[in-house]
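Peer 1: File follows, work-v2.txt with compact mmCIF, C-alpha atoms:
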# COMPACT_ATOMS: atom_id res chain seq x y z
CA MET M 2 25.74 -53.24 53.51
CA PHE M 3 23.80 -54.64 50.56
CA PHE M 4 21.28 -51.82 50.89
CA LEU M 5 24.09 -49.30 50.35
CA ILE M 6 25.35 -51.26 47.37
CA ASN M 7 21.89 -51.06 45.79
CA ILE M 8 21.68 -47.33 46.41
CA PHE M 9 25.13 -46.93 44.85
CA PHE M 10 23.96 -49.01 41.88
CA ILE M 11 20.94 -46.75 41.32
CA VAL M 12 23.02 -43.57 41.57
CA PHE M 13 25.75 -45.04 39.37
CA PHE M 14 23.24 -46.08 36.72
CA HIS M 15 21.59 -42.66 36.66
CA ILE M 16 24.95 -40.87 36.32
CA PHE M 17 26.08 -43.36 33.68
CA MET M 18 22.95 -42.67 31.60
CA LYS M 19 23.25 -38.88 31.97
CA VAL M 20 26.94 -38.72 31.08
CA PHE M 21 27.29 -41.31 28.31
CA PHE M 22 23.95 -41.61 26.55
CA ARG M 23 21.18 -39.60 25.01
CA PHE M 24 17.60 -40.38 25.93
CA ASN M 25 16.61 -43.68 24.32
CA PHE M 26 14.39 -46.28 25.95
CA LYS M 27 16.12 -49.25 24.30
CA LYS M 28 19.58 -48.21 25.48
CA ILE M 29 18.38 -47.45 28.98
CA ILE M 30 16.62 -50.81 29.33
CA PHE M 31 19.52 -52.73 27.77
CA TYR M 32 22.19 -51.14 29.97
CA PHE M 33 20.09 -51.43 33.12
CA LEU M 34 19.49 -55.13 32.53
CA PHE M 35 23.17 -55.61 31.70
CA PHE M 36 24.38 -53.91 34.92
CA TYR M 37 21.56 -55.47 36.96
CA PHE M 38 22.60 -58.94 35.77
CA ILE M 39 26.22 -58.16 36.71
CA LEU M 40 25.07 -57.00 40.16
CA ILE M 41 23.14 -60.25 40.64
CA LEU M 42 26.11 -62.36 39.48
CA VAL M 43 28.55 -60.51 41.73
CA THR M 44 26.19 -60.80 44.68
CA TYR M 45 25.41 -64.49 44.36
CA SER M 46 28.90 -65.57 43.34
CA ASN M 47 29.99 -63.90 46.59
CA LEU M 48 32.77 -61.87 44.96
CA ILE M 49 32.24 -58.99 47.38
CA LYS M 50 31.75 -61.20 50.44
CA ILE M 51 28.26 -60.12 51.39
CA LYS M 52 26.45 -62.14 53.99
CA TYR M 53 23.29 -63.60 52.47
CA SER M 54 20.02 -62.27 53.82
CA ASP M 55 16.39 -62.58 52.72
CA LEU M 56 16.39 -58.79 52.53
CA ASN M 57 18.79 -58.99 49.57
CA ILE M 58 15.96 -60.31 47.40
CA LEU M 59 13.74 -57.47 48.59
CA TYR M 60 16.47 -54.96 47.68
CA PHE M 61 16.67 -56.44 44.18
CA VAL M 62 12.89 -56.09 43.79
CA ILE M 63 12.94 -52.51 45.08
CA ASN M 64 15.86 -51.74 42.77
CA PHE M 65 13.87 -53.05 39.80
CA LEU M 66 10.76 -51.06 40.81
CA ILE M 67 12.87 -47.89 41.06
CA PHE M 68 14.14 -48.62 37.57
CA LEU M 69 10.56 -48.99 36.27
CA SER M 70 9.71 -45.67 37.85
CA TYR M 71 12.79 -44.13 36.22
CA VAL M 72 11.91 -45.45 32.76
CA LEU M 73 8.24 -44.55 32.97
CA THR M 74 8.90 -40.96 34.05
CA ILE M 75 11.92 -40.16 31.91
CA GLY M 76 9.74 -39.08 29.00
CA LEU M 77 8.02 -36.55 31.23
CA LYS M 78 11.27 -34.62 31.57
CA LYS M 79 11.44 -33.84 27.86
CA ILE M 80 8.01 -32.67 26.79
CA ASN M 81 5.38 -30.91 28.84
CA SER M 82 1.82 -32.16 28.66
CA PRO M 83 -1.05 -30.14 27.17
CA THR M 84 -2.34 -29.72 30.73
CA PHE M 85 0.88 -27.91 31.67
CA TYR M 86 0.43 -25.43 28.82
CA ILE M 87 -3.27 -24.91 29.61
CA LEU M 88 -2.48 -24.15 33.25
CA GLU M 89 0.42 -21.90 32.21
CA THR M 90 -1.90 -19.89 29.93
CA LEU M 91 -4.57 -19.66 32.63
CA GLU M 92 -1.95 -18.49 35.10
CA LYS M 93 -0.93 -15.63 32.78
CA LYS M 94 -4.51 -14.72 31.90
CA ASN M 95 -7.26 -15.47 34.38
CA ILE M 96 -9.97 -15.77 31.74
CA VAL M 97 -9.29 -17.27 28.32
CA ASP M 98 -11.57 -18.05 25.40
CA LYS M 99 -11.63 -21.76 24.52
CA ASN M 100 -10.71 -21.08 20.86
CA GLU M 101 -7.82 -18.86 21.94
CA LEU M 102 -6.56 -21.60 24.24
CA LEU M 103 -6.78 -24.23 21.47
CA LYS M 104 -4.94 -21.91 19.06
CA ASP M 105 -2.23 -21.35 21.69
CA LEU M 106 -1.80 -25.13 22.09
CA GLU M 107 -1.63 -25.53 18.32
CA ASN M 108 1.06 -22.83 18.07
CA LYS M 109 3.22 -24.63 20.65
CA LYS M 110 3.33 -27.69 18.33
CA ILE M 111 3.49 -30.13 21.24
CA PHE M 112 1.91 -32.94 19.25
CA GLU M 113 4.29 -32.52 16.32
CA GLU M 114 7.26 -32.61 18.71
CA ARG M 115 5.98 -35.81 20.27
CA PHE M 116 5.39 -37.44 16.87
CA VAL M 117 8.96 -36.62 15.82
CA GLU M 118 10.32 -38.03 19.08
CA LEU M 119 8.29 -41.23 18.70
CA GLN M 120 9.53 -41.61 15.11
CA ASN M 121 13.14 -41.12 16.25
CA GLU M 122 12.65 -43.82 18.88
CA ASN M 123 11.22 -46.12 16.18
CA MET M 124 7.87 -46.41 17.99
CA ILE M 125 5.63 -45.10 15.18
CA ILE M 126 5.65 -44.78 11.41
CA LEU M 127 4.09 -41.73 9.80
CA LYS M 128 3.32 -42.46 6.15
CA ASN M 129 0.78 -40.78 3.83
CA ASN M 130 -0.64 -38.85 6.79
CA GLU M 131 -1.38 -42.12 8.62
CA ILE M 132 0.23 -43.21 11.87
CA SER M 133 0.93 -46.82 12.79
CA LEU M 134 2.90 -48.57 15.51
CA THR M 135 6.16 -50.29 14.70
CA LYS M 136 7.13 -53.63 16.22
CA ASN M 137 8.91 -51.72 19.01
CA GLY M 138 5.84 -49.53 19.50
CA ARG M 139 3.56 -52.55 19.84
CA SER M 140 5.96 -54.18 22.30
CA PHE M 141 6.16 -51.00 24.37
CA ALA M 142 2.37 -50.54 24.29
CA LEU M 143 1.88 -54.14 25.46
CA PHE M 144 4.48 -53.64 28.20
CA MET M 145 2.72 -50.46 29.38
CA LYS M 146 -0.66 -52.20 29.31
CA CYS M 147 0.68 -55.06 31.44
CA ILE M 148 2.33 -52.67 33.91
CA SER M 149 -0.86 -50.57 34.13
CA PHE M 150 -2.97 -53.68 34.71
CA PHE M 151 -0.56 -55.10 37.30
CA PHE M 152 -0.41 -51.87 39.33
CA GLY M 153 -4.07 -50.94 38.73
CA VAL M 154 -3.23 -47.66 37.02
CA ARG M 155 -5.90 -45.99 34.89
CA SER M 156 -5.24 -43.06 32.62
CA LYS M 157 -7.62 -40.46 31.25
CA GLY M 158 -6.99 -37.61 28.90
Can you give me the file's structure in the form of structure tokens?
Peer 2:
Amino acid sequence: MFFLINIFFIVFFHIFMKVFFRFNFKKIIFYFLFFYFILILVTYSNLIKIKYSDLNILYFVINFLIFLSYVLTIGLKKINSPTFYILETLEKKNIVDKNELLKDLENKKIFEERFVELQNENMIILKNNEISLTKNGRSFALFMKCISFFFGVRSKG
């Protein structure tokens, strides 16, 4: 029964975010933690009369890991990576000159789009043609570094 409640929670949270809110990491994290805390309180105060099991703790952990996966991949839905555009160009034309490919990437303005998005999320400050992290940006970078270290994830490119 508690397994189904956790699945409902995940589906409910996803629908709630899609219907009521625009993409924003702070809002997503805040509302998840808010609803997650309510789920924990309801479960352990026994308001819904669920029989306690050691598996309940495992379901909470899995629920949280699914949330991490959701947060870490949500940005991928908005902007395609340079690799996507390179492969798309190579799919259209089998052979492409390197300079032509770089010019095509520059015309797509993927980096400018990403900078604007990061500024809107208050992650970076762009001033006098210099980029620096905000307090939120540093916190997020530290969080990502800890998650990457914990799960042994390495990134190149």
Peer 1: Using all atoms listed in the file, give me every residue within 12 Å of (20.0, -50.8, 48.9) in file coordinates, as a PyMOL selection string.
Peer 2: chain M and resi 2-12+40+56-65+67
Peer 1: To one decimal place in Å, what is the distance between CA of Phe36 in chain M and CA of Arg139 in chain M?
Peer 2: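 Answer for the CA of Phe36 in chain M to CA of Arg139 in chain M separation: 25.7 Å.
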Peer 1: For CA of Ser140 in chain M and CA of Gly153 in chain M, quote the distance in Å rounded to one decimal.
Peer 2: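 Pair CA of Ser140 in chain M / CA of Gly153 in chain M returns 19.5 Å.
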Peer 1: Closest to Met18 in chain M among M:Ile30, M:Leu143, M:Ile111, M:Leu88, using all atoms listed in the file?
Peer 2: M:Ile30
Peer 1: Report, in Å with one decimal, the straight-line distance from CA of Ser54 in chain M to CA of Leu42 in chain M.
Peer 2: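 One can read the CA of Ser54 in chain M to CA of Leu42 in chain M distance as 15.6 Å.
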Peer 1: Which is closest to Glu114 in chain M among M:Ser70, M:Asn81, M:Lys27, M:Asn137, if we use all atoms listed in the file?
Peer 2: M:Asn81
Peer 1: Calculated over all atoms listed in the file, which of the candidates M:Tyr32, M:Tyr86, M:Phe13, M:Phe144 has the smallest distance to Asp105 in chain M?
Peer 2: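 Selected residue with least distance to Asp105 in chain M: M:Tyr86.
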Peer 1: Using all atoms listed in the file for the distances, tell me which of M:Leu134, M:Ala142, M:Leu103, M:Ile29 is nearest to Val72 in chain M.
Peer 2: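 That would be M:Ile29, the residue with the smallest distance to Val72 in chain M.
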Peer 1: Which is closest to His15 in chain M among M:Phe31, M:Phe68, M:Tyr45, M:Tyr37, if we use only C-alpha atoms?
Peer 2: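 Counting only C-alpha atoms, the residue closest to His15 in chain M is M:Phe68.
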Peer 1: Nearest residue to Lys28 in chain M out of M:Glu122, M:Ser133, M:Lys109, M:Phe152, using all atoms listed in the file?
Peer 2: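 Answer, going by the shortest atom-to-atom distance: M:Glu122.
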